[in-house]
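In what follows, a structure is listed as structure tokens, so that the remarks can point back to it.
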Amino acid sequence: MGRALYSPLAGLLAVAAMIPRVRYEVVLTDENIEPIDFDLKADLVGISAMTSYAIRGYEIGDIFRNRGVPVIMGGVHPSFMPSEALAHSDAVVVGEAELVMPEVLKDLEAGTLRGIYKAEKLHSMIGMPVPRYDLVKKKRYVNRTFIQTSRGCHHGCTYCAEQLMNGLKIRHRPVEDVIREIDQCGERNVSLNDADFFGHPGRAKALRKELRGRGVKWQAGVNSRVASNDALLQLAAESGCYMLSIGFESISRETLKSVHKHVNRPETFQTLVKKIQNHGILVFGLFMFGFDQDDPSVFEETAKFNIEANYDACAYSVLTPYPGTLLWYEMLSQKRVVCYGWNKYDQGHIVYKPARITPRQLRDGHMMAYNKFYSFPSIVRRFPVNSSRSKAYWSVYNYFFRKGEVTGRAIENAIADSTEVPQHLPTPPIMPIKKDTRELILSGNHYQIIIK
Ligand code: B12
């Protein structure tokens with residue numbers, strides 16, 4: 001349909017809003033949907049990159065710098081690996097940009113923009129500027145408007161960067177700020193971009209009360225525990241919720257415990273799906289493969305479970321040790337990271353040695369789970385014929401995933417080749433990883449962890 005299923009990067013829209021309009025014009029380019037104009041005469045080029053986009057981000061940075069344009073980088077990967085990013089940019093923002101952008105712009109004008117910019121404290125999230133939605137080429141995206149109502153997450157899952165970027169304590173934007181943004185964003189269908197929108201049930205409730213009657217349709221990512229509360233679900237449905245995405249991750253409690261996802265109880269998943277659907281809300285289940293307890297049966301069993309439990313859509317990702325996460329340190333200490341080519345860190349490639357399966361079994365099993373869950377009989381069985389759930393959204397998600405565009409089915413050489421270890425080490429932006437796993441030195445072809 002010529003549209004990207006994912007949205008434009010929320011980080012860039014947020015940063016654009018911090019740049020005074022009276023002084024600068026901002027041009028937004030999303031290379032997922034359009035080419036970059038390298039001839040642009042710009043005072044500054046800002047690049048945002050999650051890990052899988054970092055290498056391309058560095059190439060873009062190098063091109064602009066060779067043309068004499070100053071470059072600044074930010075986002076999750078440069079925040080964890082600022083010294084690496086600085087080799088391709090003049091400056092890097094580590095973590096949140098809100099409190100440091102005035103200094104960045106001041107230094108830009110003084111011609112002294114250089115090095116790492118990091119705020120001394122986290123933003124209170126009160127009075128944040130409304131992201132520059134006017135810059136988005138809306139016709140090119142399925143989900144166009146991503147609104148953040150909180151930052152941080154209570155759960156310390158070992159594979160996730162959220163708590164290391166934004167903290168274990170959830171910070172909330174005032175309800176009136178969020179409502180103002182929803183009113184101003186120009187869309188009636190929005191995605192709430194929080195790591196866990198139900199992380200603080202009372203606050204989520206207050207927001208949903210305000211949303212009621214505004215004619216807004218919304219979806220959000222939430223945790224499985226709070227999502228089982230009927231009163232909250234009813235309020236969600238009444239306030240326009242049409243889909244909840246939940247990181248179920250695995251159908252094995254042992255696996256979930258091993259990655260600190262204590263909130264999830266597989267024995268409740270099926271009832272939970274039904275309960276949410278009874279409120280007319282679609283359930284998008286997020287699962288991962290490649291955990292240490294996963295054996296060759298996990299793929300078939302998970303897909304079968306998902307069909308029987310009647311999930312509306314599922315995404316299966318390959319476990320990926322993102323630099324700076326606890327999982328990364330665990331895998332490094334076990335010498336199991338094989339590839340450091342960041343463009344392979346997209347949750348479709350396999351960049352490490354799985355424990356109880358081979359990389360080939362992981363790749364084939366990953367694809368098999370997709371093929372089974374999105375097979376024709378499964379689609380026919382799961383289609384919400386007699387339900388108030390959105391058939392249109394159900395069809396869009398099932399169409400895209402069946403087609404394989406967002407599932408990595410087209411990836412060639414999904415088992416990533418081994419590469420040299422990088423020279424630069426990650427440093428989590430706000431939450432320190434325990435010191436005993438943090439002191440790393442490069443030794444031959446591997447990192448060595450110094451335990452003090
Ligand atoms: C919401 C979300 C999504 C949403 C939408 C993202 C979007 N529209 O931008 C959806 C569901 C689509 C999504 C998809 C994916 N996501 Co996601 N997502 C998030 C989440 C929870 C919040 C991101 C967000 O919008 N934050 C709000 C903005 C305002 O914050 P921000 O991006 O951090 O930007 C601030 C600063 O970083 C900085 N900044 C950012 N860019 C720049 C640029 C410049 C120049 C400057 C100066 C500053 C700056 O300023 C901003 C304001 O303070 C994060 C967790 C996290 N803490 O980042 C994961 C996260 C970014 N996602 C992640 C992943 C892996 C994915 C997927 C690959 C998952 C998958 N298997 O499909 C896909 C990839 C999507 C793609 N585009 O390719 C990982 C990335 C890990 C990594 N190291 O790369 C994260 C960190 C979660 C995790 N597992 O740890 N995601």
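We label chains A, B, ... in the order they appear in the structure tokens, count residues from 1 in each chain, and number ligands from 1 in the order shown.
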Requested in this report: Tell me, as a ChimeraX atom specification, which residues lie within 12 Å of Glu412 in chain A, counting only C-alpha atoms; anything in the same chain fewer than 4 positions away does not count.
Outcome: /A:344,348-350,363,408,416-417
Query - Spatial neighbours of Ile246 in chain A, max dist 6 Å, only C-alpha atoms, sep filter under 3 positions, as a PyMOL selection string - result: chain A and resi 221-223+285-286
Query raised in the report: Out of A:His279, A:Arg225, A:His77, A:Arg253, which residue has the shortest atom-to-atom distance to Ser239 in chain A when counting only C-alpha atoms?
Result: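 Comparing A:His279, A:Arg225, A:His77, A:Arg253 against Ser239 in chain A, the winner is A:His279.
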Query raised in the report: So which residues touch Val130 in chain A within 9 Å, counting only C-alpha atoms, skipping near sequence neighbours fewer than 4 positions away, as a ChimeraX atom specification?
Result: /A:13-14,17-18,177,180-181,184-185
Requested in this report: Write out as a ChimeraX atom specification all residues of range 142-287 of chain A that backbone DSSP assigns to helix (DSSP H, G or I).
Outcome: /A:162-166,175-184,201-211,226-228,230-238,253-258,266-278
Query raised in the report: Suppose you want the space between CA of Ser333 in chain A and CA of Val421 in chain A; what is it in Å?
Result: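 The value is 13.5 Å.
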Would you tabulate, counting only C-alpha atoms and all ligand atoms, all residues of chain A that have an atom at most 6 Å from an atom of ligand 1, showing the closest pair of atoms and their distance in Å to one decimal, sorted by chain then ascending number, as a Markdown table?
| residue | atom | partner | partner_atom_place_in_ligand_line | distance |
| --- | --- | --- | --- | --- |
| A:Tyr6 | CA | ligand 1 | 12 (C) | 4.9 |
| A:Ser7 | CA | ligand 1 | 8 (N) | 4.5 |
| A:Pro8 | CA | ligand 1 | 8 (N) | 5.3 |
| A:Leu9 | CA | ligand 1 | 9 (O) | 3.6 |
| A:Ala10 | CA | ligand 1 | 9 (O) | 4.0 |
| A:Gly11 | CA | ligand 1 | 34 (O) | 3.5 |
| A:Leu12 | CA | ligand 1 | 41 (N) | 5.1 |
| A:Ala14 | CA | ligand 1 | 29 (C) | 5.4 |
| A:Val15 | CA | ligand 1 | 50 (O) | 5.6 |
| A:Gly46 | CA | ligand 1 | 45 (C) | 3.6 |
| A:Ile47 | CA | ligand 1 | 45 (C) | 4.4 |
| A:Ser48 | CA | ligand 1 | 43 (C) | 3.8 |
| A:Met50 | CA | ligand 1 | 84 (O) | 3.7 |
| A:Thr51 | CA | ligand 1 | 84 (O) | 3.6 |
| A:Ser52 | CA | ligand 1 | 84 (O) | 5.8 |
| A:Ile72 | CA | ligand 1 | 45 (C) | 5.2 |
| A:Met73 | CA | ligand 1 | 45 (C) | 4.4 |
| A:Gly74 | CA | ligand 1 | 42 (C) | 3.7 |
| A:Gly75 | CA | ligand 1 | 40 (C) | 3.4 |
| A:Val76 | CA | ligand 1 | 37 (O) | 5.4 |
| A:His77 | CA | ligand 1 | 83 (N) | 5.2 |
| A:Val93 | CA | ligand 1 | 47 (C) | 5.2 |
| A:Gly95 | CA | ligand 1 | 37 (O) | 5.0 |
| A:Glu96 | CA | ligand 1 | 53 (O) | 3.4 |
| A:Ala97 | CA | ligand 1 | 53 (O) | 4.0 |
| A:Glu98 | CA | ligand 1 | 53 (O) | 5.3 |
| A:Phe146 | CA | ligand 1 | 8 (N) | 5.9 |
| A:Cys160 | CA | ligand 1 | 90 (O) | 3.6 |
| A:Ala161 | CA | ligand 1 | 90 (O) | 3.4 |
| A:Glu162 | CA | ligand 1 | 57 (N) | 3.8 |
| A:Met165 | CA | ligand 1 | 57 (N) | 5.4 |
| A:Asn193 | CA | ligand 1 | 1 (C) | 4.2 |
| A:Asp194 | CA | ligand 1 | 21 (C) | 5.5 |
| A:Ala195 | CA | ligand 1 | 21 (C) | 4.0 |
| A:Ser317 | CA | ligand 1 | 71 (N) | 5.2 |
| A:Tyr322 | CA | ligand 1 | 83 (N) | 5.0 |
| A:Asp346 | CA | ligand 1 | 68 (C) | 5.2 |
| A:Gln347 | CA | ligand 1 | 71 (N) | 5.1 |
Could you please take those selected residues and save N, CA, C and O atoms as a short mmCIF file (atom, residue, chain, number, x, y, z; two decimals), in the first residue's frame?
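Result written to again-v4.cif:
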data_model
loop_
_atom_site.label_atom_id
_atom_site.label_comp_id
_atom_site.auth_asym_id
_atom_site.auth_seq_id
_atom_site.Cartn_x
_atom_site.Cartn_y
_atom_site.Cartn_z
N TYR A 6 5.55 1.20 10.52
CA TYR A 6 6.02 1.94 11.67
C TYR A 6 5.88 3.44 11.43
O TYR A 6 5.74 3.90 10.31
N SER A 7 5.99 4.15 12.54
CA SER A 7 5.79 5.59 12.47
C SER A 7 7.11 6.30 12.22
O SER A 7 8.16 5.70 12.32
N PRO A 8 7.03 7.60 11.96
CA PRO A 8 8.27 8.38 11.95
C PRO A 8 8.84 8.41 13.36
O PRO A 8 8.10 8.29 14.33
N LEU A 9 10.15 8.53 13.48
CA LEU A 9 10.77 8.47 14.81
C LEU A 9 10.32 9.60 15.72
O LEU A 9 10.53 10.77 15.41
N ALA A 10 9.74 9.21 16.83
CA ALA A 10 9.22 10.21 17.77
C ALA A 10 10.33 11.11 18.31
O ALA A 10 10.11 12.29 18.57
N GLY A 11 11.52 10.54 18.47
CA GLY A 11 12.64 11.32 19.01
C GLY A 11 12.94 12.55 18.17
O GLY A 11 13.16 13.65 18.70
N LEU A 12 12.94 12.38 16.84
CA LEU A 12 13.26 13.51 15.97
C LEU A 12 12.19 14.59 16.01
O LEU A 12 12.48 15.79 15.98
N ALA A 14 10.35 15.24 18.51
CA ALA A 14 10.50 15.91 19.81
C ALA A 14 11.64 16.92 19.74
O ALA A 14 11.51 18.07 20.20
N VAL A 15 12.76 16.51 19.15
CA VAL A 15 13.91 17.42 19.07
C VAL A 15 13.57 18.62 18.19
O VAL A 15 13.90 19.77 18.52
N GLY A 46 20.88 16.81 12.28
CA GLY A 46 20.67 15.99 13.47
C GLY A 46 20.26 14.59 13.05
O GLY A 46 19.39 14.44 12.19
N ILE A 47 20.88 13.58 13.61
CA ILE A 47 20.57 12.20 13.23
C ILE A 47 20.19 11.41 14.47
O ILE A 47 20.89 11.46 15.48
N SER A 48 19.08 10.68 14.36
CA SER A 48 18.63 9.83 15.46
C SER A 48 18.83 8.38 15.05
O SER A 48 18.55 8.02 13.91
N MET A 50 18.46 4.19 16.44
CA MET A 50 18.50 3.02 17.30
C MET A 50 19.62 2.14 16.74
O MET A 50 20.21 2.45 15.69
N THR A 51 19.96 1.06 17.44
CA THR A 51 21.19 0.36 17.10
C THR A 51 21.23 -0.11 15.64
O THR A 51 22.23 0.07 14.95
N SER A 52 20.10 -0.65 15.14
CA SER A 52 20.15 -1.19 13.78
C SER A 52 20.33 -0.10 12.72
O SER A 52 20.68 -0.39 11.58
N ILE A 72 25.04 16.45 14.59
CA ILE A 72 24.81 16.03 15.98
C ILE A 72 24.00 14.74 15.97
O ILE A 72 23.11 14.58 15.13
N MET A 73 24.34 13.83 16.85
CA MET A 73 23.58 12.57 16.91
C MET A 73 22.92 12.40 18.28
O MET A 73 23.40 12.94 19.27
N GLY A 74 21.83 11.65 18.30
CA GLY A 74 21.13 11.36 19.55
C GLY A 74 20.30 10.11 19.37
O GLY A 74 20.36 9.45 18.33
N GLY A 75 19.51 9.77 20.38
CA GLY A 75 18.70 8.56 20.30
C GLY A 75 19.36 7.43 21.07
O GLY A 75 20.42 7.60 21.68
N VAL A 76 18.74 6.26 21.02
CA VAL A 76 19.15 5.20 21.93
C VAL A 76 20.59 4.72 21.71
O VAL A 76 21.36 4.59 22.66
N HIS A 77 21.01 4.49 20.45
CA HIS A 77 22.36 3.94 20.26
C HIS A 77 23.46 4.94 20.61
O HIS A 77 24.35 4.61 21.41
N VAL A 93 24.13 13.89 21.86
CA VAL A 93 23.29 14.10 23.05
C VAL A 93 23.05 12.73 23.68
O VAL A 93 22.53 11.83 23.03
N GLY A 95 21.02 10.54 26.16
CA GLY A 95 19.73 10.56 26.87
C GLY A 95 18.82 11.65 26.35
O GLY A 95 18.87 12.02 25.17
N GLU A 96 18.01 12.17 27.24
CA GLU A 96 16.99 13.15 26.85
C GLU A 96 17.61 14.46 26.34
O GLU A 96 18.60 14.93 26.89
N ALA A 97 16.95 15.04 25.34
CA ALA A 97 17.51 16.26 24.76
C ALA A 97 16.90 17.54 25.33
O ALA A 97 17.50 18.61 25.22
N GLU A 98 15.72 17.44 25.95
CA GLU A 98 14.97 18.65 26.32
C GLU A 98 15.82 19.66 27.08
O GLU A 98 15.78 20.85 26.80
N PHE A 146 2.48 9.32 17.36
CA PHE A 146 2.90 8.60 18.55
C PHE A 146 3.06 9.61 19.68
O PHE A 146 3.87 10.52 19.61
N CYS A 160 16.13 -5.20 27.74
CA CYS A 160 15.52 -3.92 27.35
C CYS A 160 16.36 -2.73 27.75
O CYS A 160 17.05 -2.74 28.78
N ALA A 161 16.27 -1.68 26.96
CA ALA A 161 17.06 -0.47 27.21
C ALA A 161 16.25 0.60 27.93
O ALA A 161 16.83 1.59 28.39
N GLU A 162 14.93 0.43 28.02
CA GLU A 162 14.08 1.51 28.53
C GLU A 162 14.52 2.03 29.90
O GLU A 162 14.72 3.21 30.11
N MET A 165 17.69 3.91 29.84
CA MET A 165 17.57 5.22 29.19
C MET A 165 16.79 6.18 30.06
O MET A 165 17.13 7.34 30.20
N ASN A 193 2.94 6.14 23.18
CA ASN A 193 4.29 5.63 22.94
C ASN A 193 5.02 5.18 24.20
O ASN A 193 6.21 4.96 24.16
N ASP A 194 4.32 5.06 25.31
CA ASP A 194 5.01 4.74 26.56
C ASP A 194 5.53 3.30 26.53
O ASP A 194 4.95 2.44 25.86
N ALA A 195 6.58 3.06 27.31
CA ALA A 195 7.07 1.68 27.41
C ALA A 195 5.99 0.82 28.07
O ALA A 195 5.84 -0.36 27.76
N SER A 317 10.18 -11.85 17.65
CA SER A 317 11.50 -11.24 17.45
C SER A 317 12.58 -12.21 17.89
O SER A 317 12.35 -13.04 18.77
N TYR A 322 21.30 -5.94 22.95
CA TYR A 322 21.63 -4.55 22.62
C TYR A 322 22.73 -4.03 23.52
O TYR A 322 22.73 -4.30 24.74
N ASP A 346 18.59 -6.05 14.49
CA ASP A 346 17.22 -5.64 14.16
C ASP A 346 16.19 -6.65 14.63
O ASP A 346 15.03 -6.60 14.25
N GLN A 347 16.61 -7.58 15.44
CA GLN A 347 15.73 -8.63 15.98
C GLN A 347 15.22 -9.59 14.91
O GLN A 347 14.25 -10.32 15.12
#
**Report entry** Nearby residues (only C-alpha atoms) at most 7 Å from Gly324 in chain A, same-chain spacing under 4 positions excluded, as a list in words
**Finding:** Phe80, Trp328, Pro426, Thr427 and Pro428 of chain A
Query raised in the report: Which one is closest to Val226 in chain A: A:Glu254, A:Asp196, A:Glu301, A:Glu31? Count only C-alpha atoms.
Result: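 Ranked by minimum distance to Val226 in chain A, first place goes to A:Asp196.
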Requested in this report: May I have the residues within 12 Å of Val380 in chain A as a PyMOL selection string, using only C-alpha atoms and disregarding those fewer than 4 positions away in the same chain?
Outcome: chain A and resi 307+310+312+373-376+384-385+395+398
Requested in this report: Please identify all polymer residues within 8 Å of range 198-207 of chain A, counting only C-alpha atoms, omitting same-chain residues fewer than 5 positions from it, and present them as a ChimeraX atom specification.
Outcome: /A:153-154,170,175,222-223,226-227,232,235
Requested in this report: Return the single residue from A:Ser388, A:Thr320, A:Ser191, A:Gln293 that is closest to Asn343 in chain A, with distances computed using only C-alpha atoms.
Outcome: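 Closest to Asn343 in chain A, using only C-alpha atoms: A:Thr320.
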Query - Nearest candidate to Tyr242 in chain A (options A:Asp43, A:Trp394, A:Phe197, A:Ile179; using only C-alpha atoms) - result: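 Using only C-alpha atoms, the shortest distance to Tyr242 in chain A belongs to A:Trp394.
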Query raised in the report: Of the residues A:Met288, A:Val351, A:Ile276, A:Cys157, which is the one nearest to His262 in chain A, using only C-alpha atoms?
Result: A:Cys157
